[in-house]
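A short worksheet on the structure shown next.
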Amino acid sequence: MSDYRIETKCIQSGWKPKTGEPRMLPIYQSTTFQYDDTEQMGRLFDLEEEGYFYTRLQNPTNDAVAAKIADLEGGVAAMLTSSGQAANYYAVFNICEAGDHVICASAIYGGTFNLLGVTLKKQGIECTFIDVDEDEETLAKAFRPNTKAVLAESISNPALVVLDIEKMARLAHAHGVPLIVDNTFATPVNCRPFEWGADIVVHSTTKYMDGHAIQVGGAIVDSGNFDWEAHADKFPGLTTPDESYHGITYTKRFGKAAYITKATAQLMRDLGSVPSPMNSFMLNAGLETLPLRVERHCYNAQKIAEYLNAHEKVAKVNFAGLPGDKYYEVAKKYMPNGTCGVISFELCGGRDSAVRFMDSLKLASIATHVADAKTCVLHPASHTHRQMNDQQLKEAGISPGLIRLSVGIEHVDDIIADLEQALEQA
């Protein structure tokens, strides 16, 4: 469906019913699929034939939604996972092993920081965190001979750093590694990382893609553009025989689909983290209204950012839609139609004022979530980034008094009224 606009793809991509089949995507709530031919089942296990035999590896509902997300991002293939963190883990671990090194933006979601800086370290994979705003010469010093990937968020959570995708792609490719971009906040409605040189995109589909806070999920999308064979020595998992599948070589057998095929056939086979078909069904329903909701989120966020920026009790507002914001120009380049519905800001009274403000809200709720239909707030230093020390918080762009406001799709005047009465108490 490459000729259609994204609004149409959100409705029409993925599920292609044949004559007499359900118009709506069915829920294939089954662990297993029956075959009468033993040899055919064997060919499925050997990756010699396409088909379904066990939902941990493939399921028609999951695959239809994955195909839709791949189409939205302009990729060749996608895989769904049971959470956004599982997507991040698989995206990196699919091309890394003990002894390897990855580079990651320091301004990133706290859970991802912990995944790369602590958990993967226990598996022998080291991570260097960088300030993506540094010049290319400085950033190039972070690369090592064993570097296998660069990961960053298109809009960081919660500091709202807007990534210069072209710059990071240029650096990654100069060192023979792919750029992985977490596009959760911007969504493919507002940002298309593959068009700027990114190689792999990940999502927490729990956020805007679902849009209603009713399912947890993730997705990995492969552009099909990175030439794994050109850097075969760096990526033996893709370019040398996999003995667990009778010696097949993914790049030779599957071409542009090599990366996603390995992630599905090997990592999902061994580690699980598969979404339930019911969750994928709900995700698909959310995707159908994604462009409408993103437009409303961005409209509301722009109005509220302007309101907060002019308020005497607000010391600083981070939102790339404001002309004075550090990332205003780079956001216009990569996200000309808007960024997202998330704002972060600091009150003049610091942490104590932030607590009083949040506790006084009536419409907006304090919730460990972001990017759904309802307005909510969170204190990153106390919540999502609580595991970081003071220096790590500083590097991530998180001050003790920073508030993350996820603007919902309620009427903007009602949201502002709620903020106003809470600011009076701050």
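Simple scheme: letters A, B, ... for chains in structure tokens order, numbers from 1 for residues in each chain, numbers from 1 for ligands in the order shown.
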Residue list (strand (DSSP E), DSSP) for stretch 78-235 of chain A, as a ChimeraX atom specification: /A:78-81,101-105,126-130,147-153,179-182,200-204,218-222
List every residue of stretch 123-192 of chain A that has an atom at most 8 Å from any atom of stretch 333-355 of chain A, and for each one report the closest atom pair and its distance in Å to one decimal, counting only C-alpha atoms, with rows sorted by chain and then by increasing residue number, as JSON lines.
```
{"residue": "A:Ile155", "atom": "CA", "partner": "A:Thr339", "partner_atom": "CA", "distance": 7.8}
{"residue": "A:Pro158", "atom": "CA", "partner": "A:Ser344", "partner_atom": "CA", "distance": 6.6}
{"residue": "A:Ala159", "atom": "CA", "partner": "A:Ser344", "partner_atom": "CA", "distance": 6.8}
{"residue": "A:Leu160", "atom": "CA", "partner": "A:Ser344", "partner_atom": "CA", "distance": 7.4}
{"residue": "A:Phe185", "atom": "CA", "partner": "A:Cys340", "partner_atom": "CA", "distance": 5.9}
{"residue": "A:Ala186", "atom": "CA", "partner": "A:Cys340", "partner_atom": "CA", "distance": 5.5}
{"residue": "A:Asn190", "atom": "CA", "partner": "A:Met335", "partner_atom": "CA", "distance": 5.3}
{"residue": "A:Cys191", "atom": "CA", "partner": "A:Met335", "partner_atom": "CA", "distance": 5.4}
{"residue": "A:Arg192", "atom": "CA", "partner": "A:Tyr334", "partner_atom": "CA", "distance": 7.8}
```
Set the distance at 12 Å and use only C-alpha atoms: which residues neighbour A:Thr187 once local chain neighbours fewer than 5 positions away are removed? I'd like the list as a VMD selection string. chain A and resid 6 10 69 72 to 73 153 to 155 181 to 182 192 to 193 201 to 211 219 287 290 to 291 293 to 295 297 to 298 334 to 335 337 to 341 371
Export N, CA and C atoms of the chosen residues as a tab-separated table (two decimals), in the first residue's frame?
```tsv
chain	number	residue	atom	x	y	z
A	6	ILE	N	-0.76	8.04	4.90
A	6	ILE	CA	-0.69	7.31	6.17
A	6	ILE	C	-2.08	7.15	6.81
A	10	CYS	N	-3.36	3.43	7.95
A	10	CYS	CA	-3.77	3.08	9.31
A	10	CYS	C	-5.08	2.29	9.33
A	69	ILE	N	2.22	-1.89	10.76
A	69	ILE	CA	3.22	-0.98	11.31
A	69	ILE	C	4.42	-0.86	10.38
A	72	LEU	N	3.40	1.57	7.78
A	72	LEU	CA	3.36	2.94	8.28
A	72	LEU	C	4.76	3.55	8.34
A	73	GLU	N	5.74	2.75	8.70
A	73	GLU	CA	7.12	3.25	8.81
A	73	GLU	C	7.88	3.19	7.48
A	153	GLU	N	16.33	7.94	20.73
A	153	GLU	CA	14.91	8.19	20.54
A	153	GLU	C	14.70	9.39	19.63
A	154	SER	N	13.73	9.34	18.74
A	154	SER	CA	13.48	10.48	17.86
A	154	SER	C	13.09	11.71	18.69
A	155	ILE	N	12.30	11.50	19.73
A	155	ILE	CA	12.03	12.52	20.76
A	155	ILE	C	12.24	11.82	22.10
A	181	VAL	N	16.34	3.69	15.92
A	181	VAL	CA	15.62	4.85	16.44
A	181	VAL	C	14.32	4.40	17.08
A	182	ASP	N	14.14	4.78	18.35
A	182	ASP	CA	12.87	4.57	19.04
A	182	ASP	C	11.96	5.73	18.65
A	192	ARG	N	9.43	10.06	10.08
A	192	ARG	CA	9.72	8.84	9.31
A	192	ARG	C	11.23	8.63	9.32
A	193	PRO	N	11.77	8.00	10.37
A	193	PRO	CA	13.22	7.89	10.52
A	193	PRO	C	13.94	7.24	9.33
A	201	VAL	N	13.68	0.74	13.35
A	201	VAL	CA	12.82	1.56	14.21
A	201	VAL	C	12.16	0.65	15.24
A	202	VAL	N	12.10	1.12	16.48
A	202	VAL	CA	11.38	0.39	17.53
A	202	VAL	C	10.28	1.28	18.09
A	203	HIS	N	9.28	0.65	18.64
A	203	HIS	CA	8.15	1.36	19.25
A	203	HIS	C	7.73	0.67	20.54
A	204	SER	N	7.32	1.49	21.50
A	204	SER	CA	6.45	0.98	22.54
A	204	SER	C	5.04	1.23	22.03
A	205	THR	N	4.40	0.19	21.54
A	205	THR	CA	3.04	0.35	21.00
A	205	THR	C	2.03	0.60	22.11
A	206	THR	N	2.48	0.49	23.35
A	206	THR	CA	1.66	0.80	24.52
A	206	THR	C	1.21	2.26	24.50
A	207	LYS	N	1.98	3.11	23.84
A	207	LYS	CA	1.76	4.56	23.90
A	207	LYS	C	0.78	5.02	22.82
A	208	TYR	N	1.18	5.97	21.98
A	208	TYR	CA	0.23	6.56	21.03
A	208	TYR	C	-0.38	5.55	20.08
A	209	MET	N	0.36	4.53	19.68
A	209	MET	CA	-0.19	3.58	18.72
A	209	MET	C	-1.44	2.91	19.26
A	210	ASP	N	-1.38	2.49	20.52
A	210	ASP	CA	-2.58	1.96	21.17
A	210	ASP	C	-3.53	3.12	21.50
A	211	GLY	N	-3.00	4.09	22.23
A	211	GLY	CA	-3.71	5.34	22.46
A	211	GLY	C	-4.73	5.35	23.57
A	219	ALA	N	7.15	-3.06	19.08
A	219	ALA	CA	7.35	-3.43	17.68
A	219	ALA	C	8.77	-3.09	17.25
A	287	LEU	N	-4.59	1.79	16.17
A	287	LEU	CA	-3.87	2.30	15.00
A	287	LEU	C	-4.81	2.96	13.99
A	290	LEU	N	-4.99	6.58	14.83
A	290	LEU	CA	-3.73	7.22	15.20
A	290	LEU	C	-3.56	8.62	14.62
A	291	PRO	N	-3.75	8.84	13.31
A	291	PRO	CA	-3.53	10.19	12.78
A	291	PRO	C	-4.47	11.24	13.39
A	293	ARG	N	-5.86	11.18	16.41
A	293	ARG	CA	-5.47	11.45	17.79
A	293	ARG	C	-4.17	12.24	17.87
A	294	VAL	N	-3.18	11.88	17.06
A	294	VAL	CA	-1.90	12.59	17.08
A	294	VAL	C	-2.10	14.07	16.74
A	295	GLU	N	-2.96	14.35	15.78
A	295	GLU	CA	-3.23	15.74	15.42
A	295	GLU	C	-3.80	16.50	16.61
A	297	HIS	N	-3.58	15.62	19.88
A	297	HIS	CA	-2.55	15.69	20.93
A	297	HIS	C	-1.61	16.88	20.66
A	298	CYS	N	-1.15	17.00	19.42
A	298	CYS	CA	-0.19	18.05	19.08
A	298	CYS	C	-0.82	19.43	19.18
A	334	TYR	N	12.56	17.51	10.77
A	334	TYR	CA	12.17	16.11	10.82
A	334	TYR	C	10.68	15.90	11.10
A	335	MET	N	10.05	16.88	11.73
A	335	MET	CA	8.65	16.73	12.16
A	335	MET	C	7.88	18.01	11.86
A	337	ASN	N	4.97	18.64	10.87
A	337	ASN	CA	3.55	18.69	11.21
A	337	ASN	C	3.29	18.63	12.71
A	338	GLY	N	4.36	18.64	13.50
A	338	GLY	CA	4.21	18.56	14.95
A	338	GLY	C	5.09	17.48	15.52
A	339	THR	N	5.31	17.53	16.82
A	339	THR	CA	6.21	16.57	17.46
A	339	THR	C	5.43	15.49	18.20
A	340	CYS	N	4.84	15.85	19.31
A	340	CYS	CA	4.06	14.89	20.10
A	340	CYS	C	3.22	15.67	21.10
A	341	GLY	N	2.52	14.95	21.95
A	341	GLY	CA	1.68	15.60	22.95
A	341	GLY	C	2.30	15.65	24.33
A	371	ALA	N	1.23	9.32	26.76
A	371	ALA	CA	0.82	9.19	25.37
A	371	ALA	C	-0.43	8.35	25.17
```
Identify all residues of stretch 234-368 of chain A in helix (DSSP H, G or I) (DSSP on the backbone) and supply them as a PyMOL selection string. chain A and resi 236-239+243-245+250-271+277-288+290-309+328-334+350-360
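Among A:Asp46, A:Ala78, A:Asn157, A:Leu292, the residue with the shortest atom-to-atom distance to A:Ser244, counting only C-alpha atoms, is A:Asp46.
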